[in-house]
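See below for the structure under consideration.
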Amino acid sequence: SPPGGMADAPAPHARTLLIVGRCFPHVCTLRDAVVPHVSEEERAVVPEDVAEILSSVVVASTEPLPARVSSQRRCAHPQIITRAIEAIMLRCPNNPNNVLAGGYRLPRLQDSSTLAGSTAIQNFFPNTLMEYLHGAAWEQLHRLVGDELIFHLLTRTALFLSLPGA
């Protein structure tokens, strides 16, 4: 993708931020959440598809985002998503109130549908959100911000995505 920079894509409607802000004390765009953790050089060459999700995704949380995080990337992108699902499932095994955990469960004895690379969760029906998060833009975002911030965003915040045509 050609360079898009972090300022090219339009911001979410102010109304979306206002509505989400009624339910969460901390609300911002994904761009505002990651900019403090990205160098000026990296901000200037953000691919267009990453710039699109940075401007269209709204991040909401009951707690402030971490001020300092490591930008190291030790995990492959699919592995960090698997770790995030595991963390969600282990935090609330009987009722994982998170769409990321939809279609996953803690393992049952003698069940062979364990998610690749995971010993803690199993997939029992497709979760279409996985295709989206495994996409090139999210992988590039992971490369840009590192394991710690992407893991925090997936496990400790609510991410509101724009629907096509909305």
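Quick note on naming: the chains in the structure tokens go A, B, ... in the order shown, residues restart at 1 in each chain, and ligands are numbered from 1 in order of appearance.
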
Next item on the list: Would you list the contacts of stretch 149-162 of chain A as number ranges by chain, taking every protein, DNA or RNA residue within 6 Å and counting only C-alpha atoms, but skipping same-chain residues closer than 4 positions in sequence?
Entry: A: 57-61, 84, 142

Selection above as a file: N, CA, C and O atoms, as a PDB file, in the first residue's frame:
ATOM      1  N   VAL A  57     -11.587   3.337  13.921  1.00  0.00           N
ATOM      2  CA  VAL A  57     -11.847   2.533  15.108  1.00  0.00           C
ATOM      3  C   VAL A  57     -11.863   3.438  16.337  1.00  0.00           C
ATOM      4  O   VAL A  57     -10.985   4.278  16.516  1.00  0.00           O
ATOM      5  N   VAL A  58     -12.872   3.253  17.172  1.00  0.00           N
ATOM      6  CA  VAL A  58     -12.987   3.988  18.429  1.00  0.00           C
ATOM      7  C   VAL A  58     -12.576   3.050  19.561  1.00  0.00           C
ATOM      8  O   VAL A  58     -13.012   1.901  19.622  1.00  0.00           O
ATOM      9  N   VAL A  59     -11.706   3.550  20.441  1.00  0.00           N
ATOM     10  CA  VAL A  59     -11.214   2.793  21.592  1.00  0.00           C
ATOM     11  C   VAL A  59     -11.899   3.331  22.840  1.00  0.00           C
ATOM     12  O   VAL A  59     -11.901   4.539  23.074  1.00  0.00           O
ATOM     13  N   ALA A  60     -12.485   2.435  23.627  1.00  0.00           N
ATOM     14  CA  ALA A  60     -13.158   2.847  24.859  1.00  0.00           C
ATOM     15  C   ALA A  60     -12.682   1.962  26.000  1.00  0.00           C
ATOM     16  O   ALA A  60     -12.429   0.770  25.813  1.00  0.00           O
ATOM     17  N   SER A  61     -12.571   2.571  27.178  1.00  0.00           N
ATOM     18  CA  SER A  61     -12.071   1.828  28.319  1.00  0.00           C
ATOM     19  C   SER A  61     -12.572   2.430  29.620  1.00  0.00           C
ATOM     20  O   SER A  61     -12.892   3.615  29.682  1.00  0.00           O
ATOM     21  N   ALA A  84      -4.456 -13.178  23.329  1.00  0.00           N
ATOM     22  CA  ALA A  84      -5.515 -12.267  23.776  1.00  0.00           C
ATOM     23  C   ALA A  84      -6.798 -13.049  24.073  1.00  0.00           C
ATOM     24  O   ALA A  84      -7.441 -12.822  25.106  1.00  0.00           O
ATOM     25  N   HIS A 142       0.213  -4.025  14.481  1.00  0.00           N
ATOM     26  CA  HIS A 142       0.949  -4.774  15.507  1.00  0.00           C
ATOM     27  C   HIS A 142       2.442  -4.540  15.341  1.00  0.00           C
ATOM     28  O   HIS A 142       3.155  -4.280  16.316  1.00  0.00           O
TER      29      HIS A 142
END

Checklist line | Within 12 Å of A:Ala137 using only C-alpha atoms, minus same-chain residues under 6 positions, as a ChimeraX atom specification | finding: /A:1,46-54,77,131,143-144

Only N, CA and C atoms, please: the residues just picked out, written as a short mmCIF file (atom, residue, chain, number, x, y, z; two decimals), in the first residue's frame.
data_model
loop_
_atom_site.label_atom_id
_atom_site.label_comp_id
_atom_site.auth_asym_id
_atom_site.auth_seq_id
_atom_site.Cartn_x
_atom_site.Cartn_y
_atom_site.Cartn_z
N SER A 1 0.84 -1.19 0.00
CA SER A 1 0.00 0.00 0.00
C SER A 1 0.87 1.24 0.00
N VAL A 46 2.83 5.51 7.45
CA VAL A 46 1.81 4.51 7.78
C VAL A 46 1.03 4.16 6.50
N PRO A 47 0.92 2.88 6.17
CA PRO A 47 0.18 2.48 4.97
C PRO A 47 -1.28 2.94 5.05
N GLU A 48 -1.89 3.12 3.89
CA GLU A 48 -3.26 3.63 3.80
C GLU A 48 -4.27 2.78 4.57
N ASP A 49 -4.13 1.44 4.48
CA ASP A 49 -5.10 0.58 5.17
C ASP A 49 -4.96 0.68 6.69
N VAL A 50 -3.76 0.91 7.19
CA VAL A 50 -3.56 1.10 8.63
C VAL A 50 -4.11 2.47 9.03
N ALA A 51 -3.86 3.50 8.22
CA ALA A 51 -4.40 4.84 8.50
C ALA A 51 -5.92 4.80 8.58
N GLU A 52 -6.54 3.97 7.76
CA GLU A 52 -7.99 3.84 7.76
C GLU A 52 -8.50 3.28 9.09
N ILE A 53 -7.88 2.20 9.59
CA ILE A 53 -8.36 1.67 10.86
C ILE A 53 -8.01 2.60 12.02
N LEU A 54 -6.88 3.29 11.93
CA LEU A 54 -6.51 4.23 12.99
C LEU A 54 -7.55 5.33 13.14
N HIS A 77 1.88 -12.18 14.75
CA HIS A 77 0.55 -11.59 14.88
C HIS A 77 -0.53 -12.62 15.24
N GLU A 131 -11.00 -13.14 11.04
CA GLU A 131 -10.52 -12.83 9.69
C GLU A 131 -10.11 -11.37 9.60
N ARG A 143 2.94 -4.60 14.11
CA ARG A 143 4.35 -4.35 13.84
C ARG A 143 4.76 -2.94 14.29
N LEU A 144 3.86 -2.00 14.09
CA LEU A 144 4.11 -0.59 14.40
C LEU A 144 4.14 -0.32 15.91
#

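With distances restricted to only C-alpha atoms, A:Leu106 is the closest residue to A:Arg91 from A:Leu106, A:Ala76, A:Val145, A:Leu30.
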
Note to self: Can you measure atom CA of A:Ala136 to atom CA of A:Leu17 for me? One decimal in Å is fine.
What the structure shows: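 If I compute the distance from atom CA of A:Ala136 to atom CA of A:Leu17, I get 25.9 Å.
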
Notebook entry, point to check: Per DSSP on the backbone, what are the alpha helix (DSSP H) residues of stretch 61-155 of chain A, as a ChimeraX atom specification?
Noted result: /A:77-91,128-133,136-145,147-155

Next item on the list: From the DSSP assignment of the backbone, select every residue of stretch 42-162 of chain A that is strand (DSSP E or B), and format the answer as a VMD selection string.
Entry: chain A and resid 47 58 to 61 104 to 105 114 122 to 123 158 to 160

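The shortest atom-to-atom distance to A:Arg105, with only C-alpha atoms taken into account, belongs to A:Ile121 out of A:Ile121, A:Ile81, A:Glu139, A:Cys92.
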
Note to self: Residues within 12 Å of A:Ala67, please, as number ranges by chain. Count only C-alpha atoms; anything in the same chain fewer than 3 positions from it doesn't count.
What the structure shows: A: 33-37, 63-64, 70, 148-149, 152

Take the residues from that selection and write them out as a PDB file, in the first residue's frame, keeping all heavy atoms.
ATOM      1  N   ALA A  33      -4.921   6.722  20.427  1.00  0.00           N
ATOM      2  CA  ALA A  33      -4.400   5.730  21.368  1.00  0.00           C
ATOM      3  C   ALA A  33      -2.976   5.313  21.023  1.00  0.00           C
ATOM      4  O   ALA A  33      -2.181   5.047  21.921  1.00  0.00           O
ATOM      5  CB  ALA A  33      -5.311   4.503  21.407  1.00  0.00           C
ATOM      6  N   VAL A  34      -2.636   5.265  19.731  1.00  0.00           N
ATOM      7  CA  VAL A  34      -1.316   4.747  19.356  1.00  0.00           C
ATOM      8  C   VAL A  34      -0.280   5.826  19.034  1.00  0.00           C
ATOM      9  O   VAL A  34       0.911   5.562  19.156  1.00  0.00           O
ATOM     10  CB  VAL A  34      -1.391   3.741  18.182  1.00  0.00           C
ATOM     11  CG1 VAL A  34      -2.305   2.592  18.509  1.00  0.00           C
ATOM     12  CG2 VAL A  34      -1.760   4.388  16.887  1.00  0.00           C
ATOM     13  N   VAL A  35      -0.697   7.023  18.659  1.00  0.00           N
ATOM     14  CA  VAL A  35       0.259   8.071  18.270  1.00  0.00           C
ATOM     15  C   VAL A  35       1.352   8.301  19.319  1.00  0.00           C
ATOM     16  O   VAL A  35       2.525   8.420  18.966  1.00  0.00           O
ATOM     17  CB  VAL A  35      -0.462   9.392  17.899  1.00  0.00           C
ATOM     18  CG1 VAL A  35       0.472  10.588  17.942  1.00  0.00           C
ATOM     19  CG2 VAL A  35      -1.070   9.269  16.513  1.00  0.00           C
ATOM     20  N   PRO A  36       1.023   8.336  20.610  1.00  0.00           N
ATOM     21  CA  PRO A  36       2.097   8.564  21.588  1.00  0.00           C
ATOM     22  C   PRO A  36       3.167   7.474  21.602  1.00  0.00           C
ATOM     23  O   PRO A  36       4.247   7.682  22.137  1.00  0.00           O
ATOM     24  CB  PRO A  36       1.357   8.591  22.933  1.00  0.00           C
ATOM     25  CG  PRO A  36      -0.058   8.882  22.605  1.00  0.00           C
ATOM     26  CD  PRO A  36      -0.293   8.297  21.247  1.00  0.00           C
ATOM     27  N   HIS A  37       2.885   6.340  20.998  1.00  0.00           N
ATOM     28  CA  HIS A  37       3.799   5.204  21.031  1.00  0.00           C
ATOM     29  C   HIS A  37       4.513   4.968  19.701  1.00  0.00           C
ATOM     30  O   HIS A  37       5.189   3.963  19.537  1.00  0.00           O
ATOM     31  CB  HIS A  37       3.025   3.946  21.436  1.00  0.00           C
ATOM     32  CG  HIS A  37       2.239   4.135  22.684  1.00  0.00           C
ATOM     33  ND1 HIS A  37       2.817   4.154  23.935  1.00  0.00           N
ATOM     34  CD2 HIS A  37       0.914   4.375  22.885  1.00  0.00           C
ATOM     35  CE1 HIS A  37       1.885   4.376  24.847  1.00  0.00           C
ATOM     36  NE2 HIS A  37       0.721   4.510  24.237  1.00  0.00           N
ATOM     37  N   GLU A  63     -10.555   2.391  32.142  1.00  0.00           N
ATOM     38  CA  GLU A  63      -9.313   2.887  32.722  1.00  0.00           C
ATOM     39  C   GLU A  63      -8.483   3.577  31.649  1.00  0.00           C
ATOM     40  O   GLU A  63      -8.624   3.265  30.457  1.00  0.00           O
ATOM     41  CB  GLU A  63      -8.528   1.730  33.351  1.00  0.00           C
ATOM     42  CG  GLU A  63      -8.240   0.620  32.357  1.00  0.00           C
ATOM     43  CD  GLU A  63      -7.801  -0.692  32.994  1.00  0.00           C
ATOM     44  OE1 GLU A  63      -8.311  -1.036  34.065  1.00  0.00           O
ATOM     45  OE2 GLU A  63      -6.949  -1.358  32.391  1.00  0.00           O
ATOM     46  N   PRO A  64      -7.620   4.509  32.029  1.00  0.00           N
ATOM     47  CA  PRO A  64      -6.788   5.171  31.017  1.00  0.00           C
ATOM     48  C   PRO A  64      -5.875   4.169  30.313  1.00  0.00           C
ATOM     49  O   PRO A  64      -5.478   3.159  30.906  1.00  0.00           O
ATOM     50  CB  PRO A  64      -5.964   6.179  31.817  1.00  0.00           C
ATOM     51  CG  PRO A  64      -6.581   6.251  33.160  1.00  0.00           C
ATOM     52  CD  PRO A  64      -7.370   4.992  33.378  1.00  0.00           C
ATOM     53  N   SER A  70       6.193  -1.016  25.884  1.00  0.00           N
ATOM     54  CA  SER A  70       7.306  -1.439  25.049  1.00  0.00           C
ATOM     55  C   SER A  70       6.813  -1.604  23.614  1.00  0.00           C
ATOM     56  O   SER A  70       5.710  -2.087  23.386  1.00  0.00           O
ATOM     57  CB  SER A  70       7.845  -2.774  25.554  1.00  0.00           C
ATOM     58  OG  SER A  70       8.712  -3.350  24.610  1.00  0.00           O
ATOM     59  N   GLU A 148       2.879  -5.349  23.456  1.00  0.00           N
ATOM     60  CA  GLU A 148       2.239  -4.890  24.689  1.00  0.00           C
ATOM     61  C   GLU A 148       0.997  -4.037  24.423  1.00  0.00           C
ATOM     62  O   GLU A 148      -0.057  -4.265  25.012  1.00  0.00           O
ATOM     63  CB  GLU A 148       3.253  -4.109  25.525  1.00  0.00           C
ATOM     64  CG  GLU A 148       2.835  -3.881  26.945  1.00  0.00           C
ATOM     65  CD  GLU A 148       3.929  -3.237  27.776  1.00  0.00           C
ATOM     66  OE1 GLU A 148       5.124  -3.388  27.454  1.00  0.00           O
ATOM     67  OE2 GLU A 148       3.574  -2.569  28.758  1.00  0.00           O
ATOM     68  N   LEU A 149       1.094  -3.075  23.517  1.00  0.00           N
ATOM     69  CA  LEU A 149      -0.053  -2.202  23.260  1.00  0.00           C
ATOM     70  C   LEU A 149      -1.155  -2.930  22.494  1.00  0.00           C
ATOM     71  O   LEU A 149      -2.337  -2.789  22.834  1.00  0.00           O
ATOM     72  CB  LEU A 149       0.373  -0.937  22.506  1.00  0.00           C
ATOM     73  CG  LEU A 149      -0.740   0.084  22.280  1.00  0.00           C
ATOM     74  CD1 LEU A 149      -1.380   0.527  23.596  1.00  0.00           C
ATOM     75  CD2 LEU A 149      -0.205   1.297  21.524  1.00  0.00           C
ATOM     76  N   HIS A 152      -2.944  -5.096  24.943  1.00  0.00           N
ATOM     77  CA  HIS A 152      -3.788  -4.279  25.830  1.00  0.00           C
ATOM     78  C   HIS A 152      -5.068  -3.858  25.105  1.00  0.00           C
ATOM     79  O   HIS A 152      -6.156  -3.941  25.668  1.00  0.00           O
ATOM     80  CB  HIS A 152      -3.025  -3.052  26.326  1.00  0.00           C
ATOM     81  CG  HIS A 152      -3.841  -2.202  27.240  1.00  0.00           C
ATOM     82  ND1 HIS A 152      -3.919  -2.429  28.595  1.00  0.00           N
ATOM     83  CD2 HIS A 152      -4.650  -1.137  26.996  1.00  0.00           C
ATOM     84  CE1 HIS A 152      -4.738  -1.547  29.147  1.00  0.00           C
ATOM     85  NE2 HIS A 152      -5.190  -0.750  28.198  1.00  0.00           N
TER      86      HIS A 152
END

Next item on the list: For each of A:Gly103, A:Val20, A:Gly146, A:Leu65, take the minimum atom-to-atom distance to A:Thr128, counting only C-alpha atoms, then give the residue where this is smallest.
Entry: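 Using only C-alpha atoms, A:Thr128 sits closest to A:Gly103.
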